[in-house]
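> First, the structure itself, so that you have it in front of you.
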Protein chains: 2
Amino acid sequence: MHSVIVENYIKTIYQLENLEGRATTSLLSEKMQVSPATATDMMKRLADEGIVRHEPYRGVRLTGRGKKHALKIIRRHRLWELFLVQVLDFEWHEIHEEAELLEHCTSEKLEARLDEYLGHPTVDPHGHAIPNSNGEIPNIEYIPLASANPGDTVRLRRVNDDSSDVLQYLSQLGIELGSDLAIVEKIAFDGTMRVRVDGGEQFISEKLANHLFGELMKGGA
Amino acid sequence: MHSVIVENYIKTIYQLENLEGRATTSLLSEKMQVSPATATDMMKRLADEGIVRHEPYRGVRLTGRGKKHALKIIRRHRLWELFLVQVLDFEWHEIHEEAELLEHCTSEKLEARLDEYLGHPTVDPHGHAIPNSNGEIPNIEYIPLASANPGDTVRLRRVNDDSSDVLQYLSQLGIELGSDLAIVEKIAFDGTMRVRVDGGEQFISEKLANHLFGELMKGGA
DNA sequence: CTGATTATTTAGAGTCATCTAAATATTGAC
DNA sequence: GTCAATATTTAGATGACTCTAAATAATCAG
Ligand SMILES: [Mn+2]
Ligand SMILES: [Mn+2]
Ligand SMILES: [Mn+2]
Ligand SMILES: [Mn+2]
């Protein structure tokens with residue numbers, strides 16, 4: 001089995017690949033908070049193990065096996081997040097760091113029991129899809145809030161940000177998964193949005209709006 | 001914070017100290033499955049950190065701080081064991097190895113939530129006392145089954161053995177915490193006991209009987 | 001297309017946890 | 001009490017993961 005450290009590299013490579021097409025030395029070194037030299041070493045090591053394919057000077061991509069590894073870890077992460085919220089009454093901003101640790105000490109059996117206890121869930125508390133036990137993950141298409149226009153209403157389905165601060169801030173604004181965000185105004189200057197949520201009005205920066213995903217509701221209400 | 005490895009040394013030293021008065025190089029190296037040289041190194045390192053007091057050539061004893069560390073880890077271990085049984089429906093022989101991992105990835109908050117969810121429990125599924133959040137652990141006195149005599153009945157309260165095999169074997173014999181074991185006969189030759197449990201009769205070796213603890217019931221039934 | 005900038009890799013070294021082999025201290029048999 | 005057997009420590013070395021500094025490759029501006 002792999003060390004916690006190696007598992008974290010694999011997961012990070014998966015995320016970078018999804019986000020940027022592939023994991024380059026500099027992206028990986030930044031995400032993992034290590035020097036570029038260290039990232040290069042690890043990429044070569046994972047290539048030797050058949051977890052990634054390495055094209056020198058242009059980064060790595062996961063092999064099929066590598067993808068399976070990554071999805072297993074992500075599955076465990078998301079099952080734990082959901083478990084912490086549903087069973088132990090954690091808030092959605094308190095769970096990511098816990099799951100970052102728990103994902104590495106989860107046996108097959110424990111994973112299966114969590115999954116069963118939770119009723120084979122398909123999304124975690126942030127709206128991220130939970131890969132199934134075969135490592136298959138559905139690709140549900142939502143639109144970023146930032147792409148919607150005044151008059152539109154977006155039902156929030158996913159928050160693409162793990163930072164505790166952002167999630168806590170959203171809670172403060174009364175925004176959670178399932179909330180309907182009615183766009184009142186989009187300020188041309190900086191893209192900030194004025195939205196109505198549960199009767200109140202809130203401002204959402206363009207940066208934040210790019211991390212909020214949901215469905216466009218017909219008829220604007 | 002300490003690495004998983006160091007936490008395991010601390011916990012093992014605690015257990016050896018309870019069992020043998022103190023942790024010697026050879027005992028520690030055996031329990032930790034490392035060479036004596038490695039055990040010596042770690043004892044010196046922990047001494048430098050103020051976790052243990054080291055008398056060269058005669059082993060280590062935990063300091064007050066060291067004891068607190070150990071009890072924290074043991075608390076987490078036992079909370080997890082209970083959680084796995086009560087919530088996720090594990091059997092008592094399946095939980096120790098899981099808890100060996102989970103005990104090292106448990107935040108203060110997670111520990112508190114587990115404790116709360118379980119209703120501030122005082123014993124784990126093997127009958128071991130769970131230290132409270134101040135690191136206090138009650139010392140409940142039970143007698144080993146091996147010390148009882150024909151005619152006595154012992155109500156099982158604790159199994160001092162983490163091995164999955166032993167626990168599974170006891171389950172097979174229909175023996176669990178709370179079971180009343182009525183000693184029918186003690187074979188002089190090797191100390192094997194014939195006991196009546198739930199109507200049936202079972203043989204229990206002296207070695208096993210020394211790992212089973214309970215209360216002597218008045219009146220023999 | 002060339003030179004400068006930026007990204008990546010290589011070289012050399014350090015820490016942590018481990019080992020084996022050798023040196024030293026303690027214990028126990030006579 | 002002496003000496004052999006046993007336990008412990010010391011010395012020197014290794015693998016995993018990390019670093020900084022130097023070398024090299026890729027990219028981009030003009
Ligand atoms: Mn997360
Ligand atoms: Mn999540
Ligand atoms: Mn246990
Ligand atoms: Mn236990």
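Every chain in the structure tokens has a letter given in the order shown (A, B, ...), and although residue numbers restart at 1 in each chain, ligands are simply numbered from 1 in the order shown.
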Go through the chains and note each residue within 6 Å of ligand 2, using only C-alpha atoms (C1' of nucleotides) and all ligand atoms, then give the set as a PyMOL selection string.
chain A and resi 78+124-126+128
> Could you dump the residues just selected with C-alpha atoms as a PDB file, in the first residue's frame?

ATOM      1  CA  ARG A  78     -16.556  12.290   0.413  1.00  0.00           C
ATOM      2  CA  ASP A 124     -21.219  14.893  -0.558  1.00  0.00           C
ATOM      3  CA  PRO A 125     -22.186  17.935   1.542  1.00  0.00           C
ATOM      4  CA  HIS A 126     -20.557  20.316  -0.949  1.00  0.00           C
ATOM      5  CA  HIS A 128     -19.405  16.825  -5.191  1.00  0.00           C
TER       6      HIS A 128
END
> With only C-alpha atoms (C1' of nucleotides) and all ligand atoms counted, collect every polymer residue having an atom within 7 Å of ligand 1; state the result as a list in words.
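Going residue by residue within 7 Å of ligand 1, we get His77, Arg78, Glu81, Ile95, His96, Ala99 and Asp162 of chain A.
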> Could you list, as a PyMOL selection string, every residue within 6 Å of Val195 in chain A, counting only C-alpha atoms (C1' of nucleotides) and ignoring same-chain residues fewer than 5 positions away?
chain A and resi 181-184+201-202
> Can you tell me how far CA of His93 in chain B sits from CA of Arg113 in chain A, in Å to one decimal?
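CA of Arg113 in chain A lies at a distance of 15.6 Å from CA of His93 in chain B.
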> Contacts from chain D to chain A, 8 Å maximum, only C-alpha atoms (C1' of nucleotides): show me the residue list as a ChimeraX atom specification.
/D:18-19,25-26
> Show me which residues are within 12 Å of ligand 3 counting only C-alpha atoms (C1' of nucleotides) and all ligand atoms, and format the list as a PyMOL selection string.
chain B and resi 11+15+73-82+84+92-103+123-130+159-164+167
> Please produce a file of the residues just selected, as a short mmCIF file (atom, residue, chain, number, x, y, z; two decimals), in the first residue's frame, where the atoms kept are N, CA, C and O atoms.

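Saved as result_3.cif:
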data_model
loop_
_atom_site.label_atom_id
_atom_site.label_comp_id
_atom_site.auth_asym_id
_atom_site.auth_seq_id
_atom_site.Cartn_x
_atom_site.Cartn_y
_atom_site.Cartn_z
N LYS B 11 1.95 4.81 23.12
CA LYS B 11 0.88 3.95 23.59
C LYS B 11 1.42 2.61 24.07
O LYS B 11 1.01 2.08 25.10
N GLN B 15 1.29 0.71 27.80
CA GLN B 15 0.77 -0.63 28.04
C GLN B 15 1.81 -1.52 28.72
O GLN B 15 1.48 -2.28 29.63
N ILE B 73 -4.62 8.88 23.22
CA ILE B 73 -4.65 7.96 22.08
C ILE B 73 -5.52 6.75 22.41
O ILE B 73 -6.32 6.29 21.59
N ILE B 74 -5.39 6.26 23.64
CA ILE B 74 -6.19 5.11 24.06
C ILE B 74 -7.67 5.47 24.09
O ILE B 74 -8.53 4.69 23.67
N ARG B 75 -7.96 6.68 24.55
CA ARG B 75 -9.37 7.14 24.54
C ARG B 75 -9.94 7.11 23.13
O ARG B 75 -11.03 6.59 22.89
N ARG B 76 -9.18 7.65 22.20
CA ARG B 76 -9.66 7.68 20.81
C ARG B 76 -9.83 6.27 20.25
O ARG B 76 -10.82 5.97 19.59
N HIS B 77 -8.86 5.43 20.54
CA HIS B 77 -8.94 4.04 20.10
C HIS B 77 -10.25 3.41 20.57
O HIS B 77 -11.00 2.82 19.78
N ARG B 78 -10.55 3.57 21.82
CA ARG B 78 -11.70 2.87 22.39
C ARG B 78 -13.02 3.50 21.98
O ARG B 78 -14.02 2.79 21.80
N LEU B 79 -13.01 4.81 21.82
CA LEU B 79 -14.23 5.45 21.29
C LEU B 79 -14.53 4.93 19.90
O LEU B 79 -15.67 4.60 19.56
N TRP B 80 -13.50 4.86 19.07
CA TRP B 80 -13.72 4.35 17.72
C TRP B 80 -14.21 2.91 17.74
O TRP B 80 -15.13 2.54 16.99
N GLU B 81 -13.61 2.07 18.59
CA GLU B 81 -14.05 0.68 18.65
C GLU B 81 -15.54 0.60 18.97
O GLU B 81 -16.30 -0.13 18.33
N LEU B 82 -15.94 1.37 19.95
CA LEU B 82 -17.35 1.35 20.34
C LEU B 82 -18.25 1.87 19.22
O LEU B 82 -19.32 1.32 18.93
N LEU B 84 -17.67 1.81 16.03
CA LEU B 84 -17.76 0.84 14.93
C LEU B 84 -18.78 -0.25 15.26
O LEU B 84 -19.54 -0.68 14.39
N TRP B 92 -17.03 -7.52 17.44
CA TRP B 92 -15.94 -7.11 18.33
C TRP B 92 -14.56 -7.59 17.90
O TRP B 92 -13.56 -7.06 18.35
N HIS B 93 -14.51 -8.57 17.02
CA HIS B 93 -13.19 -9.02 16.55
C HIS B 93 -12.72 -8.24 15.32
O HIS B 93 -11.62 -8.45 14.84
N GLU B 94 -13.55 -7.37 14.80
CA GLU B 94 -13.18 -6.66 13.56
C GLU B 94 -12.70 -5.24 13.80
O GLU B 94 -12.38 -4.53 12.85
N ILE B 95 -12.69 -4.80 15.03
CA ILE B 95 -12.57 -3.37 15.28
C ILE B 95 -11.18 -2.88 15.69
O ILE B 95 -10.83 -1.73 15.45
N HIS B 96 -10.38 -3.79 16.26
CA HIS B 96 -9.11 -3.32 16.81
C HIS B 96 -8.18 -2.74 15.75
O HIS B 96 -7.63 -1.65 15.90
N GLU B 97 -8.04 -3.46 14.65
CA GLU B 97 -7.14 -2.99 13.60
C GLU B 97 -7.62 -1.67 12.99
O GLU B 97 -6.82 -0.79 12.67
N GLU B 98 -8.92 -1.55 12.84
CA GLU B 98 -9.47 -0.28 12.33
C GLU B 98 -9.12 0.86 13.28
O GLU B 98 -8.66 1.92 12.88
N ALA B 99 -9.36 0.62 14.56
CA ALA B 99 -9.13 1.67 15.57
C ALA B 99 -7.65 2.03 15.67
O ALA B 99 -7.31 3.17 15.98
N GLU B 100 -6.77 1.05 15.39
CA GLU B 100 -5.33 1.33 15.41
C GLU B 100 -4.97 2.44 14.42
O GLU B 100 -4.03 3.19 14.64
N LEU B 101 -5.71 2.53 13.33
CA LEU B 101 -5.47 3.60 12.36
C LEU B 101 -6.23 4.87 12.72
O LEU B 101 -5.69 5.97 12.73
N LEU B 102 -7.52 4.70 13.02
CA LEU B 102 -8.38 5.87 13.24
C LEU B 102 -7.92 6.70 14.44
O LEU B 102 -8.07 7.93 14.45
N GLU B 103 -7.35 6.06 15.45
CA GLU B 103 -6.92 6.78 16.66
C GLU B 103 -5.93 7.90 16.34
O GLU B 103 -5.81 8.84 17.10
N VAL B 123 -16.91 2.19 28.85
CA VAL B 123 -16.17 0.98 28.44
C VAL B 123 -16.33 0.69 26.96
O VAL B 123 -17.35 1.03 26.37
N ASP B 124 -15.31 0.08 26.40
CA ASP B 124 -15.34 -0.25 24.97
C ASP B 124 -15.89 -1.68 24.78
O ASP B 124 -16.25 -2.33 25.76
N PRO B 125 -15.99 -2.14 23.54
CA PRO B 125 -16.65 -3.43 23.30
C PRO B 125 -15.92 -4.64 23.89
O PRO B 125 -16.46 -5.75 23.91
N HIS B 126 -14.67 -4.43 24.34
CA HIS B 126 -13.94 -5.55 24.96
C HIS B 126 -13.95 -5.42 26.48
O HIS B 126 -13.32 -6.20 27.17
N GLY B 127 -14.64 -4.38 26.96
CA GLY B 127 -14.72 -4.18 28.41
C GLY B 127 -13.60 -3.32 28.97
O GLY B 127 -13.47 -3.16 30.17
N HIS B 128 -12.77 -2.74 28.08
CA HIS B 128 -11.70 -1.85 28.54
C HIS B 128 -12.29 -0.48 28.87
O HIS B 128 -13.11 0.05 28.13
N ALA B 129 -11.82 0.09 29.98
CA ALA B 129 -12.30 1.41 30.39
C ALA B 129 -11.85 2.46 29.39
O ALA B 129 -10.73 2.43 28.89
N ILE B 130 -12.73 3.40 29.08
CA ILE B 130 -12.39 4.52 28.20
C ILE B 130 -11.99 5.71 29.07
O ILE B 130 -12.78 6.18 29.87
N VAL B 159 -12.28 -8.67 28.20
CA VAL B 159 -11.40 -9.61 27.52
C VAL B 159 -10.08 -8.91 27.24
O VAL B 159 -10.05 -7.94 26.49
N ASN B 160 -9.03 -9.36 27.88
CA ASN B 160 -7.72 -8.72 27.72
C ASN B 160 -6.94 -9.33 26.58
O ASN B 160 -5.86 -9.86 26.78
N ASP B 161 -7.47 -9.22 25.42
CA ASP B 161 -6.77 -9.78 24.26
C ASP B 161 -7.32 -9.09 23.03
O ASP B 161 -8.52 -9.08 22.80
N ASP B 162 -6.42 -8.50 22.25
CA ASP B 162 -6.86 -7.77 21.08
C ASP B 162 -6.97 -8.65 19.85
O ASP B 162 -7.44 -8.21 18.82
N SER B 163 -6.48 -9.89 19.96
CA SER B 163 -6.37 -10.68 18.74
C SER B 163 -7.75 -11.06 18.23
O SER B 163 -8.63 -11.50 18.96
N SER B 164 -7.91 -10.84 16.95
CA SER B 164 -9.18 -11.10 16.28
C SER B 164 -9.59 -12.56 16.46
O SER B 164 -10.74 -12.87 16.71
N LEU B 167 -11.13 -13.36 19.91
CA LEU B 167 -12.47 -12.78 20.06
C LEU B 167 -13.49 -13.53 19.22
O LEU B 167 -14.61 -13.79 19.65
#
> Dump as a PyMOL selection string the residues of chain C that approach chain A to within 9 Å, counting only C-alpha atoms (C1' of nucleotides).
chain C and resi 7-10
> Mind listing as a ChimeraX atom specification which residues of chain A are within 9 Å of chain B, counting only C-alpha atoms?
/A:84,87-90,98,101-102,104-107,110,113-114,116-117
> Within 9 Å of DA25 in chain C, counting only C-alpha atoms (C1' of nucleotides), which residues show up once you throw out same-chain ones fewer than 5 positions away? Write them as a list in words, please.
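Selected residues are Tyr57 of chain B; DA7, DT8 and DT9 of chain D.
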> Neighbouring residues of DG30 in chain D were defined as those with any atom within 12 Å, considering only C-alpha atoms (C1' of nucleotides); residues of the same chain fewer than 3 positions away were excluded. Please report them as an MDAnalysis selection string.
chainID C and resid 1:4
> For a test of reading the model, state the distance in Å between CA of Leu177 in chain B and CA of Gly191 in chain B, rounded to one decimal.
22.4 Å
> Give me, please, the distance in Å between CA of Ala47 in chain B and CA of Gly66 in chain B, quoted to one decimal.
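So the two atoms, CA of Ala47 in chain B and CA of Gly66 in chain B, lie 9.8 Å apart.
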